[in-house]
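J.: My structure is in model-v8.txt, and what it holds is compact mmCIF, C-alpha atoms:
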# COMPACT_ATOMS: atom_id res chain seq x y z
CA ASP A 22 54.74 49.20 33.68
CA SER A 23 51.67 47.97 31.77
CA THR A 24 48.89 45.50 32.47
CA ASN A 25 49.53 43.75 29.14
CA ASN A 26 53.20 43.18 30.00
CA GLU A 27 52.25 41.74 33.39
CA ALA A 28 49.49 39.58 31.87
CA LYS A 29 51.88 38.20 29.24
CA LYS A 30 54.35 37.20 31.97
CA LEU A 31 51.56 35.50 33.92
CA ALA A 32 50.24 33.76 30.78
CA ALA A 33 53.71 32.48 29.88
CA ASP A 34 53.95 31.08 33.43
CA GLY A 35 50.67 29.18 32.97
CA ALA A 36 48.01 31.54 34.37
CA VAL A 37 44.52 30.25 33.62
CA GLU A 38 42.15 31.74 31.10
CA GLY A 39 40.17 34.57 32.64
CA THR A 40 43.04 35.85 34.80
CA ILE A 41 42.71 39.63 35.06
CA VAL A 42 45.40 42.22 35.69
CA VAL A 43 44.21 45.65 36.85
CA SER A 44 46.38 48.60 37.81
CA GLU A 45 45.79 52.02 39.35
CA ALA A 46 48.30 53.52 36.88
CA GLN A 47 50.72 52.50 34.14
CA ASN A 48 54.05 54.15 33.50
CA SER A 49 54.51 52.38 30.15
CA GLY A 50 50.96 52.00 28.88
CA ARG A 51 50.87 51.59 25.11
CA GLY A 52 48.58 51.12 22.17
CA ARG A 53 49.00 49.77 18.68
CA LEU A 54 52.31 50.39 16.95
CA SER A 55 53.90 50.97 20.40
CA ARG A 56 52.24 54.37 20.75
CA GLY A 57 52.16 55.61 24.33
CA PHE A 58 48.85 55.53 26.23
CA PHE A 59 48.23 58.18 28.91
CA SER A 60 47.38 56.17 32.07
CA PRO A 61 47.36 58.41 35.16
CA ALA A 62 46.75 57.12 38.69
CA SER A 63 43.15 56.66 39.83
CA LYS A 64 41.67 58.27 36.71
CA GLY A 65 41.02 55.36 34.41
CA ILE A 66 40.65 51.64 34.00
CA TRP A 67 43.85 49.89 32.96
CA LEU A 68 43.01 46.21 32.63
CA SER A 69 44.14 43.09 30.75
CA VAL A 70 42.49 39.68 30.44
CA ILE A 71 44.31 36.43 29.66
CA LEU A 72 42.53 34.24 27.11
CA ARG A 73 43.34 30.78 25.85
CA PRO A 74 41.04 30.34 22.83
CA SER A 75 40.92 27.11 20.90
CA PHE A 76 40.46 28.71 17.49
CA ALA A 77 43.26 29.20 14.95
CA PRO A 78 45.60 32.23 15.12
CA GLN A 79 44.09 33.79 12.00
CA HIS A 80 40.87 34.27 13.99
CA ALA A 81 42.53 36.06 16.93
CA SER A 82 41.15 39.44 15.80
CA LYS A 83 37.79 38.18 17.11
CA CYS A 84 39.18 38.68 20.61
CA THR A 85 39.63 42.39 19.85
CA LEU A 86 36.10 42.61 18.48
CA VAL A 87 34.59 40.82 21.51
CA THR A 88 36.51 43.20 23.79
CA ALA A 89 35.32 46.27 21.85
CA VAL A 90 31.67 45.17 21.90
CA ALA A 91 31.82 44.39 25.64
CA VAL A 92 33.43 47.76 26.50
CA THR A 93 30.93 49.64 24.34
CA LYS A 94 27.97 47.83 25.87
CA ALA A 95 29.25 48.34 29.44
CA ILE A 96 29.82 52.06 28.94
CA GLU A 97 26.43 52.58 27.30
CA LYS A 98 24.51 50.56 29.90
CA PHE A 99 26.34 51.94 32.93
CA THR A 100 26.66 55.62 31.93
CA GLY A 101 24.14 56.16 29.15
CA ILE A 102 26.92 57.58 26.97
CA ARG A 103 26.60 56.54 23.32
CA CYS A 104 29.85 55.30 21.85
CA GLY A 105 31.08 53.58 18.74
CA ILE A 106 33.82 51.22 17.68
CA LYS A 107 36.53 52.65 15.43
CA TRP A 108 38.11 49.49 14.09
CA PRO A 109 40.46 48.00 14.95
CA ASN A 110 41.04 49.14 18.50
CA ASP A 111 39.36 52.36 19.61
CA ILE A 112 36.07 53.24 21.26
CA VAL A 113 35.00 56.78 20.46
CA VAL A 114 32.56 59.18 22.07
CA ASN A 115 31.57 62.29 20.12
CA LYS A 116 34.32 61.48 17.58
CA LYS A 117 37.03 61.40 20.27
CA LYS A 118 38.90 58.37 21.60
CA ALA A 119 37.77 57.31 25.09
CA VAL A 120 39.09 53.72 25.07
CA GLY A 121 42.09 51.97 23.56
CA ILE A 122 42.33 48.21 23.08
CA LEU A 123 45.59 46.35 22.63
CA THR A 124 45.42 42.63 21.82
CA GLU A 125 48.66 40.67 21.88
CA MET A 126 49.26 36.93 21.55
CA SER A 127 51.73 34.09 21.64
CA THR A 128 51.21 31.53 18.88
CA GLU A 129 52.60 28.74 16.81
CA MET A 130 51.57 28.13 13.20
CA GLU A 131 48.43 26.20 14.08
CA SER A 132 47.56 27.20 17.64
CA ILE A 133 47.34 30.04 20.11
CA HIS A 134 49.20 29.72 23.40
CA TYR A 135 47.45 32.77 24.82
CA VAL A 136 45.89 36.10 23.93
CA VAL A 137 46.08 39.14 26.18
CA ALA A 138 43.26 41.61 25.61
CA GLY A 139 44.15 44.94 27.21
CA ILE A 140 41.91 47.96 27.61
CA GLY A 141 42.56 51.49 28.72
CA ILE A 142 39.44 53.49 29.51
CA ASN A 143 39.71 57.23 30.15
CA VAL A 144 37.20 57.36 33.00
CA ASN A 145 37.56 60.22 35.49
CA MET A 146 39.97 62.65 33.86
CA GLU A 147 38.62 66.17 34.21
CA LYS A 148 41.16 67.46 31.73
CA LEU A 149 43.49 65.75 29.27
CA PRO A 150 47.01 66.85 28.28
CA GLU A 151 46.88 69.48 25.56
CA GLU A 152 48.65 67.26 23.02
CA ILE A 153 45.80 64.69 23.08
CA SER A 154 42.79 66.82 24.08
CA LYS A 155 41.67 67.41 20.46
CA MET A 156 41.47 63.69 19.71
CA ALA A 157 40.71 62.11 23.10
CA THR A 158 38.13 62.46 25.86
CA SER A 159 37.10 60.85 29.13
CA LEU A 160 33.76 59.50 30.28
CA ARG A 161 33.68 62.12 33.05
CA ILE A 162 34.19 64.95 30.56
CA GLU A 163 31.34 63.57 28.43
CA LEU A 164 28.98 62.80 31.33
CA GLY A 165 29.83 65.78 33.51
CA LYS A 166 30.25 63.74 36.69
CA PRO A 167 32.60 61.11 38.16
CA ILE A 168 32.07 57.44 37.45
CA ASN A 169 32.60 54.49 39.79
CA ARG A 170 35.46 52.60 38.15
CA ALA A 171 34.91 49.32 40.04
CA THR A 172 31.29 49.14 38.90
CA LEU A 173 32.27 49.86 35.31
CA ILE A 174 34.92 47.11 35.48
CA GLU A 175 32.25 44.73 36.77
CA ALA A 176 29.91 45.64 33.90
CA PHE A 177 32.68 45.19 31.32
CA LEU A 178 33.69 41.79 32.70
CA ARG A 179 30.08 40.59 32.75
CA TYR A 180 29.55 41.49 29.07
CA PHE A 181 33.00 40.27 28.08
CA GLU A 182 32.41 36.85 29.62
CA GLU A 183 29.01 36.56 27.95
CA TYR A 184 30.26 37.50 24.47
CA TYR A 185 33.50 35.54 24.72
CA LYS A 186 31.69 32.36 25.78
CA LYS A 187 29.29 32.74 22.83
CA LYS A 188 32.21 33.22 20.42
CA LYS A 189 34.09 30.21 21.80
CA LYS A 190 30.98 28.04 21.63
CA SER A 191 30.28 29.04 18.00
CA GLU A 192 33.90 28.19 17.09
CA GLU A 193 33.59 24.71 18.60
CA LEU A 194 30.54 23.77 16.53
Translate this file's structure into structure tokens.
T.:
Amino acid sequence: DSTNNEAKKLAADGAVEGTIVVSEAQNSGRGRLSRGFFSPASKGIWLSVILRPSFAPQHASKCTLVTAVAVTKAIEKFTGIRCGIKWPNDIVVNKKKAVGILTEMSTEMESIHYVVAGIGINVNMEKLPEEISKMATSLRIELGKPINRATLIEAFLRYFEEYYKKKKKSEEL
């Protein structure tokens, strides 16, 4: 149904930090406020990462920021497309949403059990449904050619790991 739902199940069952869930499609992809997220087969990147940070729950929004910076950097380096972060959870290209981020967590008052950082990247859609085409885009539409999804996932994970490790290290000091 959604990579975040699957990742939350795995995290609750003890999956280690860094576990990744990737899907070819989602039939119940969603964004903030339970809004639906268009996730067609073989056209995007639908991915969630399980995190187990040691910082306090009130700092969990840093996971969303780290995810947003890593996605932005990966897209820019891999495709050359300039993009920006529309806080709290969107990456935009030419003022249109290209990426959605959904961060969910399980906590107690003083500690985080796990955080699931989910991303949906509109990669190779040639056309979007009319109801979202005025506010959303895909990397293929912006670049004018298809993009290798596996290589973009690799770039994202490389930047994500780098930035997440830096954030964790700074929190431990």
J.: Can you pull out the residues contacting stretch 171-177 of chain A? Cut-off 10 Å, using only C-alpha atoms, and skip same-chain residues under 6 positions away; I want them as number ranges by chain.
T.: A: 43, 66-68, 88-96, 98-100, 142, 144, 183
J.: Hey, could you pull the box centre and edge lengths for stretch 68-73 of chain A, axis-aligned, 6 Å padding per side, all listed atoms, to one decimal in Å, as JSON?
T.:
{"center_x": 43.4, "center_y": 38.5, "center_z": 29.2, "size_x": 13.8, "size_y": 27.4, "size_z": 18.8}
J.: Excluding A:Asn25 and its own-chain neighbours fewer than 6 positions away, which residues fall within 7 Å of it when counting all atoms listed in the file? Please give them as a VMD selection string.
T.: chain A and resid 69 137 139
J.: Give me, please, the distance in Å between atom CA of A:Ala138 and atom CA of A:Glu45, quoted to one decimal.
T.: 17.4 Å
J.: Between atom CA of A:Gly141 and atom CA of A:Thr158, measure the distance and give it in Å to one decimal.
T.: 12.2 Å
J.: Quick one: of A:Tyr180, A:Tyr185, A:Trp108, A:Phe76, who's nearest to A:Thr128, counting only C-alpha atoms?
T.: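 Closest to A:Thr128 of all the choices is A:Phe76.
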J.: Leaving out A:Cys104 and any residue of its chain fewer than 3 positions from it, which residues lie within 10 Å of it when counting all atoms listed in the file, given as a ChimeraX atom specification?
T.: /A:92-94,96-97,101,107,112-120
